[in-house]
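Okay, final-v7.txt is below, compact mmCIF, C-alpha atoms and all ligand atoms:
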```txt
# COMPACT_ATOMS: atom_id res chain seq x y z
CA MET A 1 0.00 0.00 0.00
CA ALA A 2 1.23 3.48 -0.85
CA GLN A 3 2.57 5.72 1.90
CA THR A 4 -0.19 7.92 3.39
CA THR A 5 1.59 9.72 6.24
CA PHE A 6 4.13 12.42 5.49
CA SER A 7 6.19 14.68 7.72
CA GLU A 8 6.21 18.45 7.38
CA ALA A 9 9.77 18.16 6.02
CA ASP A 10 8.50 15.75 3.33
CA LEU A 11 5.69 18.09 2.26
CA MET A 12 8.05 21.07 2.17
CA ALA A 13 10.86 19.28 0.30
CA ASP A 14 11.98 20.52 -3.09
CA ARG A 15 13.06 18.31 -5.94
CA ASP A 16 16.66 18.66 -7.13
CA TYR A 17 16.92 21.35 -9.77
CA ALA A 18 19.41 21.44 -12.65
CA ARG A 19 18.89 25.21 -12.74
CA GLU A 20 17.40 27.68 -10.29
CA HIS A 21 14.40 29.82 -11.21
CA VAL A 22 15.66 33.38 -11.73
CA VAL A 23 13.75 36.04 -13.69
CA ALA A 24 15.07 39.56 -14.20
CA THR A 25 17.33 39.36 -11.09
CA HIS A 26 14.51 37.92 -8.93
CA ARG A 27 15.31 34.59 -7.29
CA LEU A 28 12.01 32.68 -7.49
CA HIS A 29 10.74 29.38 -6.11
CA GLY A 30 10.82 26.16 -8.10
CA GLY A 31 13.44 25.39 -10.72
CA PHE A 32 14.16 23.55 -13.94
CA ASP A 33 15.21 20.01 -14.81
CA GLU A 34 18.03 19.21 -17.22
CA THR A 35 15.68 19.51 -20.21
CA GLY A 36 14.59 23.01 -19.15
CA ARG A 37 11.17 21.89 -17.91
CA TYR A 38 9.77 23.89 -14.98
CA ILE A 39 9.42 22.03 -11.68
CA PRO A 40 6.99 23.54 -9.09
CA PRO A 41 8.35 24.22 -5.58
CA ARG A 42 8.02 21.74 -2.73
CA SER A 43 7.12 19.00 -5.14
CA ARG A 44 9.51 16.24 -4.07
CA PHE A 45 6.76 14.34 -2.23
CA ARG A 46 3.68 16.59 -2.30
CA PRO A 47 2.27 15.37 -5.65
CA GLN A 48 2.71 11.72 -4.68
CA ALA A 49 1.14 12.40 -1.26
CA ILE A 50 -1.90 13.98 -2.91
CA GLU A 51 -2.05 11.06 -5.33
CA ALA A 52 -1.89 8.49 -2.52
CA TRP A 53 -4.59 10.24 -0.45
CA THR A 54 -6.77 10.53 -3.55
CA GLU A 55 -6.37 6.82 -4.27
CA SER A 56 -7.28 5.88 -0.73
CA LEU A 57 -10.31 8.20 -0.74
CA ARG A 58 -11.48 6.54 -3.97
CA ALA A 59 -10.88 3.12 -2.45
CA ARG A 60 -13.27 4.14 0.35
CA GLY A 61 -15.86 5.14 -2.28
CA GLY A 62 -15.26 8.89 -2.18
CA ASP A 63 -13.76 11.28 -4.66
CA LEU A 64 -12.39 14.81 -5.07
CA LEU A 65 -15.00 17.54 -4.70
CA ALA A 66 -16.47 18.01 -8.18
CA ALA A 67 -15.19 21.26 -9.65
CA ASP A 68 -15.36 21.73 -13.40
CA ALA A 69 -15.22 24.48 -16.02
CA SER A 70 -18.73 25.66 -15.10
CA LEU A 71 -17.04 27.36 -12.14
CA LEU A 72 -15.45 29.70 -14.68
CA ALA A 73 -18.83 30.96 -15.82
CA GLY A 74 -20.07 34.49 -15.33
CA GLN A 75 -19.72 37.90 -16.85
CA ARG A 76 -16.13 39.00 -17.53
CA TYR A 77 -15.23 42.65 -17.34
CA PRO A 78 -13.22 43.73 -19.19
CA THR A 79 -12.96 41.08 -21.90
CA VAL A 80 -9.61 40.24 -23.51
CA ALA A 81 -10.64 42.18 -26.64
CA GLN A 82 -11.48 45.23 -24.53
CA SER A 83 -8.14 45.03 -22.71
CA LYS A 84 -6.33 44.70 -26.01
CA LEU A 85 -8.06 47.82 -27.35
CA LEU A 86 -6.90 49.80 -24.32
CA LEU A 87 -3.33 48.55 -24.60
CA LEU A 88 -3.27 49.45 -28.31
CA HIS A 89 -4.15 53.02 -27.34
CA GLY A 90 -1.49 53.26 -24.68
CA LEU A 91 -4.05 52.82 -21.90
CA GLY A 92 -2.03 50.19 -20.06
CA GLN A 93 -2.88 51.17 -16.51
CA SER A 94 -5.82 48.77 -16.13
CA PHE A 95 -3.78 45.73 -17.14
CA TRP A 96 -0.86 46.95 -15.01
CA ASN A 97 -3.21 47.30 -12.05
CA SER A 98 -4.66 43.85 -12.54
CA LEU A 99 -1.15 42.29 -12.49
CA THR A 100 -0.17 44.29 -9.38
CA ILE A 101 -3.40 43.48 -7.55
CA THR A 102 -3.16 39.78 -8.37
CA GLY A 103 0.40 39.75 -7.00
CA LYS A 104 -0.68 41.44 -3.79
CA ILE A 105 -3.59 39.06 -3.32
CA GLU A 106 -1.17 36.15 -3.81
CA ALA A 107 1.05 37.67 -1.11
CA ARG A 108 -1.87 37.52 1.34
CA GLY A 109 -1.93 33.76 0.79
CA ARG A 110 1.15 33.52 2.98
CA VAL A 111 -1.24 33.64 5.92
CA LEU A 112 -1.78 29.92 5.24
CA ALA A 113 1.76 29.30 6.46
CA GLU A 114 1.49 31.56 9.47
CA MET A 115 -2.00 31.15 10.92
CA PRO A 116 -2.95 28.24 13.21
CA PHE A 117 -6.01 26.41 11.91
CA PRO A 118 -8.31 24.22 14.02
CA ASP A 119 -7.49 20.52 13.89
CA LEU A 120 -10.13 18.81 11.73
CA GLN A 121 -9.60 15.62 13.73
CA ASP A 122 -11.72 17.29 16.43
CA LEU A 123 -14.55 17.68 13.92
CA ALA A 124 -14.32 14.28 12.22
CA VAL A 125 -15.64 11.10 13.79
CA GLU A 126 -13.19 8.91 11.81
CA ASP A 127 -9.39 8.92 12.18
CA VAL A 128 -7.96 11.42 9.66
CA SER A 129 -4.25 10.89 10.31
CA GLU A 130 -3.75 9.15 6.96
CA MET A 131 -5.70 11.73 4.98
CA ALA A 132 -4.83 15.10 3.44
CA ILE A 133 -6.99 16.87 6.04
CA GLY A 134 -4.86 15.21 8.73
CA HIS A 135 -1.83 16.96 7.21
CA LEU A 136 -3.20 20.50 6.85
CA ASN A 137 -1.39 21.71 9.97
CA GLY A 138 1.46 19.30 9.32
CA GLY A 139 2.96 20.99 6.28
CA LEU A 140 0.22 21.03 3.65
CA LEU A 141 -1.00 24.57 4.38
CA LYS A 142 2.52 25.79 5.10
CA ALA A 143 3.74 24.59 1.69
CA HIS A 144 0.69 26.22 0.10
CA GLY A 145 1.34 29.53 1.92
CA PHE A 146 5.00 29.56 0.89
CA ASP A 147 3.98 28.93 -2.73
CA GLU A 148 1.76 32.03 -2.63
CA GLY A 149 3.84 34.46 -0.62
CA GLY A 150 7.37 33.10 -1.01
CA GLU A 151 10.10 32.98 1.59
CA PRO A 152 11.19 36.61 1.91
CA ALA A 153 13.68 35.74 4.68
CA ARG A 154 15.57 33.50 2.23
CA GLY A 155 15.21 35.96 -0.64
CA ILE A 156 13.00 33.56 -2.60
CA GLY A 157 9.94 35.00 -4.30
CA GLY A 158 6.65 33.13 -4.61
CA HIS A 159 3.60 33.92 -6.73
CA ASP A 160 3.47 37.51 -5.48
CA VAL A 161 6.94 38.33 -6.80
CA MET A 162 6.28 36.28 -9.96
CA TRP A 163 3.29 38.51 -10.90
CA PHE A 164 5.32 41.66 -10.19
CA ALA A 165 8.23 40.30 -12.25
CA ALA A 166 5.88 39.49 -15.15
CA ARG A 167 4.35 42.98 -14.97
CA ASP A 168 7.77 44.67 -14.98
CA LEU A 169 8.98 42.53 -17.88
CA ALA A 170 6.00 43.61 -19.98
CA PHE A 171 5.77 47.28 -19.00
CA GLY A 172 9.13 48.16 -17.44
CA ALA A 173 9.38 48.83 -13.69
CA GLY A 174 7.38 51.77 -12.36
CA ALA A 175 5.41 52.34 -15.58
CA TYR A 176 2.31 53.26 -13.54
CA PRO A 177 1.68 54.11 -9.87
CA ASP A 178 1.37 51.32 -7.30
CA VAL A 179 -2.13 50.15 -6.44
CA ASP A 180 -3.74 48.08 -3.65
CA PRO A 181 -6.36 45.33 -3.86
CA PRO A 182 -9.74 45.52 -2.12
CA GLU A 183 -9.86 44.44 1.53
CA ARG A 184 -11.56 41.12 0.88
CA ILE A 185 -12.06 39.01 -2.20
CA GLY A 186 -13.84 35.97 -0.76
CA ARG A 187 -17.50 35.91 0.16
CA ALA A 188 -18.17 37.95 3.29
CA GLY A 189 -18.93 36.09 6.53
CA ALA A 190 -22.45 34.86 6.00
CA PRO A 191 -24.65 34.16 9.00
CA ARG A 192 -24.20 30.69 10.42
CA GLU A 193 -25.04 28.22 7.68
CA VAL A 194 -24.48 25.02 9.64
CA PRO A 195 -25.27 25.90 13.27
CA GLU A 196 -25.06 22.20 14.21
CA ILE A 197 -21.24 22.23 14.06
CA PRO A 198 -18.88 24.47 16.09
CA GLU A 199 -18.48 27.95 14.65
CA ASN A 200 -14.68 27.74 14.25
CA PHE A 201 -15.08 24.64 12.07
CA GLU A 202 -17.79 26.21 9.96
CA GLY A 203 -15.41 29.14 9.48
CA MET A 204 -12.60 26.80 8.46
CA LEU A 205 -14.77 24.93 5.96
CA ARG A 206 -15.92 28.23 4.49
CA PHE A 207 -12.29 29.35 4.31
CA LEU A 208 -11.20 26.21 2.42
CA MET A 209 -14.13 26.54 -0.01
CA ASN A 210 -13.45 30.22 -0.66
CA LEU A 211 -9.82 29.37 -1.27
CA LEU A 212 -10.69 26.63 -3.75
CA LEU A 213 -13.03 28.94 -5.61
CA ILE A 214 -10.45 31.73 -5.80
CA GLU A 215 -7.78 29.25 -6.92
CA PHE A 216 -10.06 27.73 -9.54
CA ARG A 217 -11.29 31.04 -10.92
CA ALA A 218 -7.72 32.38 -11.04
CA GLU A 219 -7.62 30.39 -14.28
CA LEU A 220 -9.59 33.23 -15.91
CA GLY A 221 -6.81 35.67 -15.05
CA PHE A 222 -4.08 33.30 -16.21
CA ALA A 223 -5.70 32.71 -19.56
CA SER A 224 -6.43 36.39 -20.32
CA SER A 225 -3.06 37.65 -19.05
CA GLU A 226 -1.14 35.09 -21.07
CA GLN A 227 -3.19 35.85 -24.16
CA LEU A 228 -2.51 39.58 -23.92
CA LEU A 229 1.20 39.14 -23.17
CA ARG A 230 1.67 36.79 -26.13
CA ASP A 231 -0.29 39.00 -28.57
CA VAL A 232 2.18 40.12 -31.27
CA ASP A 233 0.25 43.39 -31.75
CA LEU A 234 1.00 44.37 -28.16
CA PHE A 235 4.18 45.24 -26.21
CA GLN A 236 5.93 45.56 -29.56
CA ASP A 237 8.98 47.33 -28.15
CA ARG A 238 9.35 44.61 -25.49
CA ARG A 239 8.21 41.46 -27.33
CA ALA A 240 10.84 39.04 -25.91
CA ALA A 241 10.28 40.32 -22.37
CA ALA A 242 6.48 40.08 -22.74
CA ASP A 243 6.84 36.46 -23.89
CA GLU A 244 9.00 35.73 -20.87
CA ALA A 245 6.29 37.36 -18.69
CA ALA A 246 3.74 34.95 -20.18
CA ASP A 247 6.12 32.05 -19.38
CA VAL A 248 6.31 33.18 -15.74
CA ILE A 249 2.51 33.28 -15.51
CA ASP A 250 2.35 29.83 -17.02
CA ARG A 251 4.63 28.58 -14.22
CA ILE A 252 2.30 30.09 -11.60
CA ARG A 253 -0.54 28.26 -13.36
CA ARG A 254 1.38 24.97 -13.06
CA ASP A 255 1.96 25.55 -9.33
CA GLU A 256 -1.73 26.30 -8.77
CA GLU A 257 -2.78 22.88 -10.11
CA ILE A 258 -1.37 21.36 -6.89
CA HIS A 259 -3.47 23.80 -4.82
CA VAL A 260 -6.69 23.14 -6.69
CA THR A 261 -6.23 19.37 -6.45
CA SER A 262 -5.30 19.38 -2.77
CA LEU A 263 -8.29 21.58 -1.85
CA ARG A 264 -10.69 19.45 -3.89
CA LEU A 265 -9.19 16.45 -2.10
CA CYS A 266 -9.59 17.94 1.41
CA LEU A 267 -13.21 18.88 0.72
CA GLY A 268 -13.80 15.50 -0.91
CA GLU A 269 -12.46 13.78 2.22
CA LEU A 270 -14.67 15.92 4.46
CA ARG A 271 -17.72 15.07 2.36
CA HIS A 272 -17.03 11.42 2.93
CA LEU A 273 -16.67 11.62 6.72
CA ASP A 274 -19.12 11.95 9.59
CA LEU A 275 -18.81 15.27 11.37
CA ARG A 276 -19.42 15.81 15.08
CA THR A 277 -22.31 18.10 15.94
CA LEU A 278 -22.60 20.34 18.99
CA ASP A 279 -25.40 18.24 20.48
CA GLY A 280 -23.12 15.20 20.63
CA GLY A 281 -24.50 13.64 17.47
CA GLN A 282 -23.05 13.42 13.97
CA LYS A 283 -23.92 14.49 10.46
CA PRO A 284 -22.66 13.21 7.08
CA GLY A 285 -19.99 15.59 5.74
CA ALA A 286 -21.68 15.85 2.35
CA GLU A 287 -24.79 17.30 4.01
CA VAL A 288 -22.62 20.01 5.50
CA ILE A 289 -20.31 20.71 2.55
CA ASP A 290 -22.66 20.50 -0.43
CA PRO A 291 -25.17 23.23 0.46
CA MET A 292 -22.38 25.60 1.56
CA TRP A 293 -20.48 24.95 -1.67
CA ASP A 294 -23.56 25.45 -3.86
CA ARG A 295 -24.29 28.83 -2.30
CA LEU A 296 -20.68 29.93 -2.66
CA VAL A 297 -20.57 28.91 -6.33
CA GLN A 298 -23.76 30.85 -7.04
CA TRP A 299 -22.23 33.92 -5.42
CA ALA A 300 -18.89 33.60 -7.22
CA THR A 301 -20.18 32.83 -10.71
CA VAL A 302 -23.37 34.91 -10.82
CA GLU A 303 -23.78 37.53 -8.09
CA GLN A 304 -20.21 38.70 -7.57
CA PRO A 305 -19.11 39.12 -11.24
CA LYS A 306 -22.17 41.29 -11.87
CA LEU A 307 -21.41 43.53 -8.88
CA GLN A 308 -17.77 43.72 -9.82
CA ALA A 309 -18.53 44.67 -13.42
CA GLU A 310 -20.85 47.45 -12.24
CA GLU A 311 -18.17 48.77 -9.93
CA GLN A 312 -15.45 48.62 -12.57
CA ARG A 313 -17.51 50.23 -15.33
CA LYS A 314 -17.14 53.72 -13.91
CA VAL A 315 -13.41 53.32 -13.25
CA TYR A 316 -12.82 52.24 -16.85
CA ARG A 317 -15.02 54.95 -18.27
CA ASP A 318 -13.15 57.70 -16.41
CA ARG A 319 -9.79 56.25 -17.33
CA ILE A 320 -10.67 56.02 -21.03
CA LEU A 321 -12.16 59.52 -21.12
CA GLY A 322 -8.83 60.81 -19.78
CA HIS A 323 -7.35 59.94 -23.21
CA GLU A 324 -7.36 62.73 -25.82
CA ASP A 325 -9.36 60.44 -28.14
CA GLY A 326 -11.41 59.12 -25.22
CA GLU A 327 -14.95 59.42 -26.65
CA ARG A 328 -14.08 57.36 -29.72
CA ILE A 329 -12.16 54.71 -27.74
CA LEU A 330 -15.02 54.43 -25.24
CA ALA A 331 -17.54 53.81 -28.02
CA GLU A 332 -15.31 51.08 -29.43
CA PHE A 333 -14.72 49.67 -25.93
CA GLU A 334 -18.43 49.45 -25.25
CA ALA A 335 -19.09 47.86 -28.63
CA LEU A 336 -16.64 45.09 -27.66
CA ALA A 337 -18.56 44.21 -24.48
CA GLY A 338 -19.38 40.53 -24.31
CA SER A 339 -16.79 39.76 -27.01
FE FE A 401 -0.85 31.44 -6.16
FE FE A 402 -2.71 29.00 -5.06
```
Render the structure in this file as structure tokens.
Amino acid sequence: MAQTTFSEADLMADRDYAREHVVATHRLHGGFDETGRYIPPRSRFRPQAIEAWTESLRARGGDLLAADASLLAGQRYPTVAQSKLLLLHGLGQSFWNSLTITGKIEARGRVLAEMPFPDLQDLAVEDVSEMAIGHLNGGLLKAHGFDEGGEPARGIGGHDVMWFAARDLAFGAGAYPDVDPPERIGRAGAPREVPEIPENFEGMLRFLMNLLLIEFRAELGFASSEQLLRDVDLFQDRRAAADEAADVIDRIRRDEEIHVTSLRLCLGELRHLDLRTLDGGQKPGAEVIDPMWDRLVQWATVEQPKLQAEEQRKVYRDRILGHEDGERILAEFEALAGS
């Protein structure tokens, strides 16, 4: 039987690299093998651990939490064609801002490595020591947090620095003023949804689900950013650097696959367990997870994109009208909506 318990050192261990990952003087996590293929950080044992836990969950009749492309649905604002139009007219600030904000949101992910989380063994009836959820506080969340926010003390950048490096490759450093992301990007603390279980565990489940949704929907940003950076009509005075920026984003995308799979796995394990209720009873995990997840997906794919588009519309309008040819560009921009 495959190994199903791993130490923190195992889950944090890097593979051996033939070449370190350095981009424009930034030392970054991960590295390359002898053929030049990118290897994600902390992937000496983590992928095989996730694989082994997945296999054993399936052997017990469970599976990863279902999460498919329908999670990417919802209104997109701006579209890739609209962003391209702005870049063609020298209105690069919006794209610049989106790269900066994404990097800063990634940096917040370091909290996963720093914050103590409740031990899900106290929630689960069954023994979880040989499951992914039994390893969350034993290296799994720490590895995840380091992937997002890097190891500043060792001078190694994670996803935060990778987004900033990509931005500076494409635009040149300091091309536009710095900008900060909104306070919160997950769904705000709803009233108690599952009052039968302790509040701290409901909070933790909500946290893991929000994280999965953000990780999964990050794909939208990867795809549109890469498409813009590789567009030969754009960044014409910095083509090679813009292509390298797209390569960096593709490496972040590779790293995130591990996050999406491990979160789907943790939630899949929880669905398949019995959870302790406050009255001393128990409740099937699926009855706790599924309704919470459905509500969150509805918010993230329908309600939130609509609100966000409404909020952004005015910002874009003002920015475009600041251009000397603003009226004409705005008409073209609006005509491209939904493209
Ligand atoms: Fe990330
Ligand atoms: Fe991530």
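Counting all atoms listed in the file and comparing A:Ala170, A:Leu228, A:Leu275, A:Ala245, the residue that lies closest to A:Glu196 is A:Leu275.
In terms of minimum interatomic distance to A:Leu65, A:Gly285 ranks closest within A:Pro177, A:Pro118, A:Gly326, A:Gly285, counting all atoms listed in the file.
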Counting all atoms listed in the file, what is within 10 Å of A:Val302, bar same-chain residues fewer than 6 positions away, as JSON, numbers by chain? {"A": [71, 73, 74, 75, 296]}
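Every residue having at least one atom no farther than 6 Å from ligand FE 402 (chain A) is included below, with only C-alpha atoms and all ligand atoms taken into account: Glu148, Glu215, Glu256 and His259 of chain A.
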Can you tell me, as a ChimeraX atom specification, which residues sit within 7 Å of (-10.8, 20.8, 11.7) in the file's frame, using all atoms listed in the file? /A:118-123,201
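Our summary of the geometry notes that atom CA of A:Gly281 is positioned 22.2 Å from atom CA of A:Pro191.
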Please identify the residues whose atoms come within 12 Å of ligand FE 401 (chain A), using all atoms listed in the file, and report them as a count of residues only. 50
Any chance you could export stretch 231-248 of chain A with N, CA, C and O atoms, as an mmCIF file, in the first residue's frame?
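File produced: part.cif:
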```cif
data_model
loop_
_atom_site.group_PDB
_atom_site.id
_atom_site.type_symbol
_atom_site.label_atom_id
_atom_site.label_comp_id
_atom_site.auth_asym_id
_atom_site.auth_seq_id
_atom_site.Cartn_x
_atom_site.Cartn_y
_atom_site.Cartn_z
ATOM 1 N N ASP A 231 0.291 38.399 -27.364
ATOM 2 C CA ASP A 231 -0.290 38.999 -28.574
ATOM 3 C C ASP A 231 0.777 39.835 -29.296
ATOM 4 O O ASP A 231 1.298 40.803 -28.740
ATOM 5 N N VAL A 232 1.075 39.457 -30.540
ATOM 6 C CA VAL A 232 2.175 40.121 -31.265
ATOM 7 C C VAL A 232 1.861 41.579 -31.610
ATOM 8 O O VAL A 232 2.753 42.345 -31.957
ATOM 9 N N ASP A 233 0.600 41.977 -31.517
ATOM 10 C CA ASP A 233 0.250 43.388 -31.750
ATOM 11 C C ASP A 233 0.585 44.260 -30.539
ATOM 12 O O ASP A 233 0.559 45.486 -30.628
ATOM 13 N N LEU A 234 0.817 43.609 -29.410
ATOM 14 C CA LEU A 234 0.997 44.366 -28.162
ATOM 15 C C LEU A 234 2.443 44.286 -27.668
ATOM 16 O O LEU A 234 3.181 43.385 -28.067
ATOM 17 N N PHE A 235 2.833 45.202 -26.804
ATOM 18 C CA PHE A 235 4.176 45.236 -26.207
ATOM 19 C C PHE A 235 5.249 45.088 -27.285
ATOM 20 O O PHE A 235 6.208 44.346 -27.123
ATOM 21 N N GLN A 236 5.056 45.788 -28.406
ATOM 22 C CA GLN A 236 5.931 45.556 -29.563
ATOM 23 C C GLN A 236 7.380 45.968 -29.316
ATOM 24 O O GLN A 236 8.277 45.386 -29.900
ATOM 25 N N ASP A 237 7.590 46.951 -28.425
ATOM 26 C CA ASP A 237 8.979 47.333 -28.148
ATOM 27 C C ASP A 237 9.605 46.429 -27.088
ATOM 28 O O ASP A 237 10.774 46.587 -26.758
ATOM 29 N N ARG A 238 8.836 45.495 -26.531
ATOM 30 C CA ARG A 238 9.352 44.610 -25.486
ATOM 31 C C ARG A 238 8.859 43.183 -25.731
ATOM 32 O O ARG A 238 8.559 42.457 -24.784
ATOM 33 N N ARG A 239 8.814 42.765 -26.994
ATOM 34 C CA ARG A 239 8.211 41.464 -27.325
ATOM 35 C C ARG A 239 8.822 40.292 -26.543
ATOM 36 O O ARG A 239 8.117 39.473 -25.980
ATOM 37 N N ALA A 240 10.197 40.197 -26.552
ATOM 38 C CA ALA A 240 10.835 39.037 -25.913
ATOM 39 C C ALA A 240 10.522 39.035 -24.417
ATOM 40 O O ALA A 240 10.225 37.987 -23.829
ATOM 41 N N ALA A 241 10.552 40.222 -23.801
ATOM 42 C CA ALA A 241 10.278 40.316 -22.365
ATOM 43 C C ALA A 241 8.816 39.960 -22.079
ATOM 44 O O ALA A 241 8.516 39.288 -21.084
ATOM 45 N N ALA A 242 7.906 40.390 -22.952
ATOM 46 C CA ALA A 242 6.485 40.076 -22.738
ATOM 47 C C ALA A 242 6.243 38.566 -22.860
ATOM 48 O O ALA A 242 5.439 37.993 -22.120
ATOM 49 N N ASP A 243 6.952 37.919 -23.780
ATOM 50 C CA ASP A 243 6.835 36.457 -23.894
ATOM 51 C C ASP A 243 7.359 35.776 -22.628
ATOM 52 O O ASP A 243 6.776 34.800 -22.156
ATOM 53 N N GLU A 244 8.452 36.300 -22.097
ATOM 54 C CA GLU A 244 8.997 35.727 -20.866
ATOM 55 C C GLU A 244 7.987 35.926 -19.719
ATOM 56 O O GLU A 244 7.798 35.038 -18.882
ATOM 57 N N ALA A 245 7.320 37.091 -19.708
ATOM 58 C CA ALA A 245 6.294 37.355 -18.690
ATOM 59 C C ALA A 245 5.182 36.304 -18.777
ATOM 60 O O ALA A 245 4.713 35.778 -17.760
ATOM 61 N N ALA A 246 4.780 35.976 -19.998
ATOM 62 C CA ALA A 246 3.743 34.949 -20.176
ATOM 63 C C ALA A 246 4.244 33.594 -19.672
ATOM 64 O O ALA A 246 3.478 32.819 -19.076
ATOM 65 N N ASP A 247 5.542 33.317 -19.884
ATOM 66 C CA ASP A 247 6.119 32.054 -19.383
ATOM 67 C C ASP A 247 6.043 31.999 -17.859
ATOM 68 O O ASP A 247 5.735 30.960 -17.271
ATOM 69 N N VAL A 248 6.338 33.140 -17.214
ATOM 70 C CA VAL A 248 6.310 33.184 -15.745
ATOM 71 C C VAL A 248 4.888 32.886 -15.259
ATOM 72 O O VAL A 248 4.678 32.101 -14.326
#
```
